[in-house]
file run_6.cif (mmCIF, C-alpha atoms)
data_coords
#
loop_
_atom_site.group_PDB
_atom_site.id
_atom_site.type_symbol
_atom_site.label_atom_id
_atom_site.label_comp_id
_atom_site.auth_asym_id
_atom_site.auth_seq_id
_atom_site.Cartn_x
_atom_site.Cartn_y
_atom_site.Cartn_z
ATOM 1 C CA MET A 230 70.351 108.137 126.837
ATOM 2 C CA PRO A 231 70.984 109.892 123.470
ATOM 3 C CA ASP A 232 70.070 108.080 120.277
ATOM 4 C CA PRO A 233 72.999 106.358 118.539
ATOM 5 C CA PRO A 234 74.067 107.602 115.101
ATOM 6 C CA LEU A 235 72.295 106.203 112.056
ATOM 7 C CA ILE A 236 74.884 104.443 109.878
ATOM 8 C CA ARG A 237 74.150 104.251 106.142
ATOM 9 C CA PRO A 238 75.998 103.925 102.814
ATOM 10 C CA ALA A 239 77.184 107.263 101.472
ATOM 11 C CA ALA A 240 75.051 108.935 98.790
ATOM 12 C CA ALA A 241 75.972 111.141 95.838
ATOM 13 C CA GLU A 242 74.670 114.234 97.647
ATOM 14 C CA ASP A 243 77.159 113.610 100.490
ATOM 15 C CA ALA A 244 80.129 114.400 98.230
ATOM 16 C CA GLU A 245 81.039 117.802 99.693
ATOM 17 C CA VAL A 246 80.894 116.825 103.351
ATOM 18 C CA VAL A 247 82.604 113.478 102.740
ATOM 19 C CA ALA A 248 85.455 115.144 100.825
ATOM 20 C CA ARG A 249 85.932 117.637 103.655
ATOM 21 C CA LEU A 250 85.947 114.944 106.339
ATOM 22 C CA LEU A 251 88.293 112.661 104.378
ATOM 23 C CA TYR A 252 90.600 115.638 103.981
ATOM 24 C CA GLU A 253 90.507 116.459 107.693
ATOM 25 C CA THR A 254 91.168 112.903 108.821
ATOM 26 C CA ALA A 255 94.517 112.832 107.029
ATOM 27 C CA THR A 256 96.020 115.440 109.424
ATOM 28 C CA GLY A 257 97.798 117.412 106.720
ATOM 29 C CA MET A 258 98.881 114.505 104.524
ATOM 30 C CA TYR A 259 96.611 115.507 101.650
ATOM 31 C CA ASP A 260 98.242 118.946 101.563
ATOM 32 C CA ILE A 261 101.650 117.292 101.246
ATOM 33 C CA TYR A 262 100.355 114.867 98.621
ATOM 34 C CA ALA A 263 98.253 117.263 96.524
ATOM 35 C CA GLY A 264 100.177 120.470 97.088
ATOM 36 C CA GLY A 265 97.470 122.420 98.894
ATOM 37 C CA THR A 266 94.000 122.340 100.381
ATOM 38 C CA ARG A 267 92.065 123.465 97.309
ATOM 39 C CA ARG A 268 93.627 120.872 95.017
ATOM 40 C CA ALA A 269 93.289 118.148 97.661
ATOM 41 C CA LEU A 270 89.553 118.787 98.032
ATOM 42 C CA ARG A 271 89.086 118.880 94.248
ATOM 43 C CA ILE A 272 90.853 115.516 93.957
ATOM 44 C CA LEU A 273 88.772 113.990 96.756
ATOM 45 C CA ARG A 274 85.484 115.182 95.206
ATOM 46 C CA ALA A 275 86.507 113.717 91.832
ATOM 47 C CA ALA A 276 87.626 110.427 93.386
ATOM 48 C CA TYR A 277 84.360 110.117 95.322
ATOM 49 C CA SER A 278 82.370 110.100 92.087
ATOM 50 C CA ARG A 279 84.553 107.439 90.429
ATOM 51 C CA PRO A 280 84.105 103.815 91.521
ATOM 52 C CA GLY A 281 87.002 101.548 92.359
ATOM 53 C CA ASN A 282 89.454 103.876 94.109
ATOM 54 C CA SER A 283 90.346 104.451 97.764
ATOM 55 C CA ALA A 284 87.961 107.426 98.182
ATOM 56 C CA SER A 285 85.007 106.179 96.106
ATOM 57 C CA GLN A 286 81.430 106.568 97.252
ATOM 58 C CA ASP A 287 81.112 102.780 96.999
ATOM 59 C CA ILE A 288 83.390 102.183 100.029
ATOM 60 C CA VAL A 289 82.175 105.066 102.226
ATOM 61 C CA TRP A 290 79.600 104.862 105.025
ATOM 62 C CA VAL A 291 78.325 107.873 106.929
ATOM 63 C CA ALA A 292 76.973 108.410 110.432
ATOM 64 C CA GLU A 293 73.964 110.717 110.717
ATOM 65 C CA LEU A 294 72.994 112.709 113.809
ATOM 66 C CA ASP A 295 70.431 115.479 114.089
ATOM 67 C CA GLY A 296 69.741 115.206 110.356
ATOM 68 C CA GLY A 297 73.330 115.855 109.296
ATOM 69 C CA VAL A 298 76.451 113.863 108.434
ATOM 70 C CA ALA A 299 78.382 113.511 111.683
ATOM 71 C CA GLY A 300 81.183 111.241 110.493
ATOM 72 C CA VAL A 301 82.478 108.988 107.748
ATOM 73 C CA VAL A 302 84.429 105.779 107.337
ATOM 74 C CA ALA A 303 86.033 104.538 104.117
ATOM 75 C CA ALA A 304 86.923 100.843 104.154
ATOM 76 C CA PHE A 305 87.626 98.008 101.726
ATOM 77 C CA PRO A 306 89.164 94.516 101.772
ATOM 78 C CA VAL A 307 92.962 94.556 101.968
ATOM 79 C CA ALA A 308 93.104 92.509 98.755
ATOM 80 C CA GLU A 309 91.650 95.512 96.874
ATOM 81 C CA GLY A 310 94.155 97.988 98.306
ATOM 82 C CA ASP A 311 96.770 98.178 95.542
ATOM 83 C CA GLY A 312 94.202 98.511 92.774
ATOM 84 C CA ARG A 313 92.217 101.164 94.605
ATOM 85 C CA ALA A 314 95.358 103.152 95.448
ATOM 86 C CA SER A 315 96.504 103.059 91.808
ATOM 87 C CA ARG A 316 93.151 104.354 90.592
ATOM 88 C CA PHE A 317 93.235 107.129 93.194
ATOM 89 C CA LEU A 318 96.697 108.093 91.924
ATOM 90 C CA ARG A 319 95.336 108.310 88.369
ATOM 91 C CA VAL A 320 92.578 110.660 89.553
ATOM 92 C CA THR A 321 95.234 112.755 91.287
ATOM 93 C CA LEU A 322 97.582 113.002 88.309
ATOM 94 C CA ALA A 323 94.725 114.005 86.020
ATOM 95 C CA ARG A 324 94.188 117.059 88.240
ATOM 96 C CA THR A 325 97.837 117.908 88.912
ATOM 97 C CA PRO A 326 100.136 119.969 86.644
ATOM 98 C CA PRO A 327 102.649 117.633 84.954
ATOM 99 C CA TRP A 328 105.616 119.431 86.494
ATOM 100 C CA LYS A 329 104.290 118.445 89.931
ATOM 101 C CA TRP A 330 103.981 114.746 89.056
ATOM 102 C CA PRO A 331 107.478 113.726 90.285
ATOM 103 C CA ALA A 332 106.821 115.158 93.755
ATOM 104 C CA THR A 333 103.322 113.619 93.885
ATOM 105 C CA LEU A 334 104.652 110.204 92.861
ATOM 106 C CA ARG A 335 107.477 110.440 95.407
ATOM 107 C CA ILE A 336 105.057 111.182 98.256
ATOM 108 C CA PHE A 337 102.680 108.444 97.045
ATOM 109 C CA ARG A 338 105.458 105.823 97.008
ATOM 110 C CA THR A 339 106.944 106.944 100.319
ATOM 111 C CA GLY A 340 103.540 106.771 101.966
ATOM 112 C CA ALA A 341 102.994 103.267 100.581
ATOM 113 C CA VAL A 342 106.364 102.083 101.914
ATOM 114 C CA LEU A 343 105.835 103.605 105.364
ATOM 115 C CA THR A 344 102.262 102.374 105.876
ATOM 116 C CA PRO A 345 102.115 99.286 108.141
ATOM 117 C CA VAL A 346 101.100 96.133 106.301
ATOM 118 C CA PRO A 347 97.574 95.163 107.410
ATOM 119 C CA PRO A 348 96.812 91.518 108.213
ATOM 120 C CA PRO A 349 95.664 89.432 105.248
ATOM 121 C CA GLU A 350 91.946 88.715 105.004
ATOM 122 C CA SER A 351 91.083 91.959 106.780
ATOM 123 C CA LEU A 352 88.956 95.001 106.041
ATOM 124 C CA TYR A 353 91.193 98.054 105.825
ATOM 125 C CA VAL A 354 89.830 101.323 107.205
ATOM 126 C CA ASP A 355 91.483 103.886 104.964
ATOM 127 C CA ALA A 356 89.806 106.871 106.640
ATOM 128 C CA LEU A 357 87.714 107.585 109.719
ATOM 129 C CA ALA A 358 86.558 111.092 110.638
ATOM 130 C CA THR A 359 84.055 112.770 112.935
ATOM 131 C CA ASP A 360 82.772 116.291 112.297
ATOM 132 C CA SER A 361 84.015 118.606 115.054
ATOM 133 C CA GLY A 362 80.438 119.536 115.953
ATOM 134 C CA PHE A 363 79.557 115.918 116.789
ATOM 135 C CA ARG A 364 82.544 114.803 118.864
ATOM 136 C CA ARG A 365 82.064 112.686 122.008
ATOM 137 C CA ARG A 366 78.702 111.349 120.816
ATOM 138 C CA GLY A 367 79.822 107.850 119.831
ATOM 139 C CA VAL A 368 80.196 108.594 116.117
ATOM 140 C CA ALA A 369 83.666 107.113 115.576
ATOM 141 C CA SER A 370 83.019 104.021 117.712
ATOM 142 C CA SER A 371 79.725 103.395 115.868
ATOM 143 C CA LEU A 372 81.512 103.634 112.512
ATOM 144 C CA LEU A 373 84.206 101.228 113.713
ATOM 145 C CA ASP A 374 81.529 98.795 114.883
ATOM 146 C CA GLU A 375 79.951 99.052 111.417
ATOM 147 C CA ALA A 376 83.332 98.282 109.836
ATOM 148 C CA CYS A 377 83.586 95.175 112.003
ATOM 149 C CA ARG A 378 80.064 94.129 110.983
ATOM 150 C CA LEU A 379 80.923 94.580 107.310
ATOM 151 C CA ALA A 380 84.125 92.585 107.750
ATOM 152 C CA ARG A 381 82.268 89.694 109.403
ATOM 153 C CA GLU A 382 79.614 89.806 106.677
ATOM 154 C CA ALA A 383 82.375 89.530 104.058
ATOM 155 C CA GLY A 384 84.016 86.602 105.879
ATOM 156 C CA LEU A 385 87.101 88.639 106.777
ATOM 157 C CA ARG A 386 89.056 87.904 109.942
ATOM 158 C CA ALA A 387 89.925 91.391 111.147
ATOM 159 C CA VAL A 388 89.558 95.132 110.725
ATOM 160 C CA ALA A 389 92.848 96.980 110.225
ATOM 161 C CA LEU A 390 93.727 100.674 110.250
ATOM 162 C CA ASP A 391 96.619 103.000 110.937
ATOM 163 C CA THR A 392 97.204 106.508 112.211
ATOM 164 C CA ALA A 393 99.974 109.030 112.648
ATOM 165 C CA ALA A 394 102.198 108.324 115.639
ATOM 166 C CA THR A 395 101.532 111.895 116.728
ATOM 167 C CA ASN A 396 97.738 111.374 116.800
ATOM 168 C CA THR A 397 97.441 110.165 120.385
ATOM 169 C CA ALA A 398 93.694 110.884 120.540
ATOM 170 C CA ALA A 399 93.019 108.473 117.668
ATOM 171 C CA GLN A 400 95.269 105.856 119.235
ATOM 172 C CA ALA A 401 93.370 106.076 122.528
ATOM 173 C CA LEU A 402 90.063 105.695 120.659
ATOM 174 C CA TYR A 403 91.221 102.617 118.768
ATOM 175 C CA GLU A 404 92.504 100.950 121.901
ATOM 176 C CA ARG A 405 89.217 101.654 123.723
ATOM 177 C CA CYS A 406 87.409 100.047 120.768
ATOM 178 C CA GLY A 407 89.391 96.800 121.056
ATOM 179 C CA PHE A 408 92.173 97.418 118.523
ATOM 180 C CA SER A 409 95.743 96.313 119.248
ATOM 181 C CA VAL A 410 98.991 97.667 117.827
ATOM 182 C CA THR A 411 100.381 95.481 115.033
ATOM 183 C CA GLU A 412 103.320 97.566 113.855
ATOM 184 C CA ARG A 413 105.084 100.914 114.258
ATOM 185 C CA ARG A 414 106.826 102.655 111.361
ATOM 186 C CA PRO A 415 109.265 105.571 111.846
ATOM 187 C CA ALA A 416 108.835 109.023 110.337
ATOM 188 C CA LYS A 417 110.499 109.851 107.027
ATOM 189 C CA GLY A 418 110.811 113.385 105.656
ATOM 190 C CA PRO A 419 107.450 115.190 105.861
ATOM 191 C CA ILE A 420 105.578 111.949 106.615
ATOM 192 C CA PRO A 421 105.155 111.267 110.354
ATOM 193 C CA GLY A 422 105.613 107.884 111.962
ATOM 194 C CA ILE A 423 102.644 105.560 111.538
ATOM 195 C CA VAL A 424 101.086 103.067 113.960
ATOM 196 C CA GLY A 425 99.146 100.067 112.634
ATOM 197 C CA TYR A 426 96.208 98.518 114.498
ATOM 198 C CA ALA A 427 93.935 95.503 114.051
ATOM 199 C CA ARG A 428 90.828 94.105 115.727
ATOM 200 C CA PRO A 429 89.639 90.520 115.158
ATOM 201 C CA THR A 430 86.080 90.138 113.930
ATOM 202 C CA ALA A 431 85.493 86.973 115.983
ATOM 203 C CA GLY A 432 84.392 87.208 119.578
#
call {"tool": "encode", "arguments": {"input": "run_6.cif", "output": "structure tokens"}}
result
Amino acid sequence: MPDPPLIRPAAAEDAEVVARLLYETATGMYDIYAGGTRRALRILRAAYSRPGNSASQDIVWVAELDGGVAGVVAAFPVAEGDGRASRFLRVTLARTPPWKWPATLRIFRTGAVLTPVPPPESLYVDALATDSGFRRRGVASSLLDEACRLAREAGLRAVALDTAATNTAAQALYERCGFSVTERRPAKGPIPGIVGYARPTAG
């Protein structure tokens, strides 16, 4: 039986790999939002080093296997969501040419409107990613179990997350891990449809 991943809080030296994995988990959305891969990664690295936003080191946990980072999860209480998203937007705008701000703000607002509303008193998983070299080794399920542990520890009733309607592999994973569909939102423009999930922390 292989050893399970070691789950630990993210460290400053994880910035590069965490930024790459957060970028990959968004299935192209960061390119739409930031206007390209290079700018998206620069924004994610900057956000990671600044506390209080939706990509901060302080809300990221990593899974280690074979001495390397095999996966990441970024999660925070739903009640913190609006504030963290606003601070992430400020990091983005500071690294985006002013003439691109209208498009960035439009994508940001559209994404916010289309994202399923997570249950109150839940821990929201904003990102979950496994490095391609560590797939099928229990990384994602271990990170989801850690999110549930953190939610229980914080007295929260559920763990909530969402994924693109086109990402059937992620949907199958979530359902295997005990998550149930809470809402489905249709696609709009370049943003695909989104499926919301939740898993109670009790039981």
call {"tool": "resolve_selection", "arguments": {"input": "run_6.cif", "expression": "the PyMOL selection byres ((chain A and resi 258) around 12)", "output": "CSV table (one decimal) with C-alpha atoms, keeping the file's coordinate frame"}}
result
chain,number,residue,atom,x,y,z
A,251,LEU,CA,88.3,112.7,104.4
A,252,TYR,CA,90.6,115.6,104.0
A,253,GLU,CA,90.5,116.5,107.7
A,254,THR,CA,91.2,112.9,108.8
A,255,ALA,CA,94.5,112.8,107.0
A,256,THR,CA,96.0,115.4,109.4
A,257,GLY,CA,97.8,117.4,106.7
A,259,TYR,CA,96.6,115.5,101.6
A,260,ASP,CA,98.2,118.9,101.6
A,261,ILE,CA,101.6,117.3,101.2
A,262,TYR,CA,100.4,114.9,98.6
A,263,ALA,CA,98.3,117.3,96.5
A,264,GLY,CA,100.2,120.5,97.1
A,265,GLY,CA,97.5,122.4,98.9
A,266,THR,CA,94.0,122.3,100.4
A,269,ALA,CA,93.3,118.1,97.7
A,333,THR,CA,103.3,113.6,93.9
A,336,ILE,CA,105.1,111.2,98.3
A,337,PHE,CA,102.7,108.4,97.0
A,339,THR,CA,106.9,106.9,100.3
A,340,GLY,CA,103.5,106.8,102.0
A,392,THR,CA,97.2,106.5,112.2
A,393,ALA,CA,100.0,109.0,112.6
A,419,PRO,CA,107.4,115.2,105.9
A,420,ILE,CA,105.6,111.9,106.6
A,421,PRO,CA,105.2,111.3,110.4
A,423,ILE,CA,102.6,105.6,111.5
call {"tool": "residues_near_point", "arguments": {"input": "run_6.cif", "point": "(84.8, 102.9, 110.8)", "cutoff": "9 Å", "atoms": "all atoms listed in the file", "output": "list in words"}}
result
Trp290, Val301, Val302, Ala303, Ala304, Val354, Asp355, Ala356, Leu357, Ala358, Ala369, Ser370, Ser371, Leu372, Leu373, Asp374, Glu375, Ala376 and Cys377 of chain A
call {"tool": "atom_distance", "arguments": {"input": "run_6.cif", "atom1": "atom CA of A:Pro348", "atom2": "atom CA of A:Arg381"}}
result
14.7 Å
call {"tool": "resolve_selection", "arguments": {"input": "run_6.cif", "expression": "the PyMOL selection byres ((chain A and resi 414) around 12)", "output": "list in words"}}
result
Thr339, Gly340, Ala341, Val342, Leu343, Thr344, Pro345, Val346, Asp391, Thr392, Ala393, Ala394, Thr395, Val410, Thr411, Glu412, Arg413, Pro415, Ala416, Lys417, Ile420, Pro421, Gly422, Ile423, Val424, Gly425 and Tyr426 of chain A
call {"tool": "write_last_selection", "arguments": {"input": "run_6.cif", "atoms": "C-alpha atoms", "output": "compact mmCIF listing (two decimals), keeping the file's coordinate frame"}}
result
# COMPACT_ATOMS: atom_id res chain seq x y z
CA THR A 339 106.94 106.94 100.32
CA GLY A 340 103.54 106.77 101.97
CA ALA A 341 102.99 103.27 100.58
CA VAL A 342 106.36 102.08 101.91
CA LEU A 343 105.84 103.60 105.36
CA THR A 344 102.26 102.37 105.88
CA PRO A 345 102.12 99.29 108.14
CA VAL A 346 101.10 96.13 106.30
CA ASP A 391 96.62 103.00 110.94
CA THR A 392 97.20 106.51 112.21
CA ALA A 393 99.97 109.03 112.65
CA ALA A 394 102.20 108.32 115.64
CA THR A 395 101.53 111.90 116.73
CA VAL A 410 98.99 97.67 117.83
CA THR A 411 100.38 95.48 115.03
CA GLU A 412 103.32 97.57 113.86
CA ARG A 413 105.08 100.91 114.26
CA PRO A 415 109.26 105.57 111.85
CA ALA A 416 108.84 109.02 110.34
CA LYS A 417 110.50 109.85 107.03
CA ILE A 420 105.58 111.95 106.62
CA PRO A 421 105.16 111.27 110.35
CA GLY A 422 105.61 107.88 111.96
CA ILE A 423 102.64 105.56 111.54
CA VAL A 424 101.09 103.07 113.96
CA GLY A 425 99.15 100.07 112.63
CA TYR A 426 96.21 98.52 114.50
call {"tool": "atom_distance", "arguments": {"input": "run_6.cif", "atom1": "atom CA of A:Ala387", "atom2": "atom CA of A:Gly407"}}
result
11.3 Å
call {"tool": "atom_distance", "arguments": {"input": "run_6.cif", "atom1": "atom CA of A:Pro238", "atom2": "atom CA of A:Phe305"}}
result
13.1 Å
call {"tool": "residues_near_point", "arguments": {"input": "run_6.cif", "point": "(96.5, 88.8, 101.2)", "cutoff": "12 Å", "atoms": "only C-alpha atoms", "output": "ChimeraX atom specification"}}
result
/A:306-311,346-353,385-386
call {"tool": "closest_residue", "arguments": {"input": "run_6.cif", "among": "A:Leu250, A:Ala389, A:Ala380, A:Ala284", "to": "A:Ala431", "atoms": "all atoms listed in the file"}}
result
A:Ala380
call {"tool": "resolve_selection", "arguments": {"input": "run_6.cif", "expression": "the PyMOL selection byres ((chain A and resi 273) around 9)", "output": "compact mmCIF listing (two decimals) with C-alpha atoms, in the coordinates of the input"}}
result
# COMPACT_ATOMS: atom_id res chain seq x y z
CA ALA A 244 80.13 114.40 98.23
CA VAL A 247 82.60 113.48 102.74
CA ALA A 248 85.46 115.14 100.82
CA ARG A 249 85.93 117.64 103.66
CA LEU A 251 88.29 112.66 104.38
CA TYR A 252 90.60 115.64 103.98
CA ARG A 268 93.63 120.87 95.02
CA ALA A 269 93.29 118.15 97.66
CA LEU A 270 89.55 118.79 98.03
CA ARG A 271 89.09 118.88 94.25
CA ILE A 272 90.85 115.52 93.96
CA ARG A 274 85.48 115.18 95.21
CA ALA A 275 86.51 113.72 91.83
CA ALA A 276 87.63 110.43 93.39
CA TYR A 277 84.36 110.12 95.32
CA SER A 278 82.37 110.10 92.09
CA ALA A 284 87.96 107.43 98.18
CA SER A 285 85.01 106.18 96.11
CA PHE A 317 93.24 107.13 93.19
CA VAL A 320 92.58 110.66 89.55
CA THR A 321 95.23 112.76 91.29
call {"tool": "closest_residue", "arguments": {"input": "run_6.cif", "among": "A:Ala241, A:Ala427, A:Val246, A:Ala401", "to": "A:Glu293", "atoms": "only C-alpha atoms"}}
result
A:Val246
call {"tool": "closest_residue", "arguments": {"input": "run_6.cif", "among": "A:Gly367, A:Pro429, A:Gly312, A:Gly300", "to": "A:Pro231", "atoms": "all atoms listed in the file"}}
result
A:Gly367
call {"tool": "residues_around", "arguments": {"input": "run_6.cif", "residues": "A:Leu235", "least_positions_apart": "4", "cutoff": "10 Å", "atoms": "all atoms listed in the file", "output": "PyMOL selection string"}}
result
chain A and resi 291-296+298-299+368+371-372
call {"tool": "closest_residue", "arguments": {"input": "run_6.cif", "among": "A:Ala398, A:Asn282, A:Arg428, A:Gly418", "to": "A:Arg364", "atoms": "all atoms listed in the file"}}
result
A:Ala398
call {"tool": "closest_residue", "arguments": {"input": "run_6.cif", "among": "A:Tyr403, A:Leu318, A:Thr430, A:Glu245", "to": "A:Val388", "atoms": "all atoms listed in the file"}}
result
A:Thr430
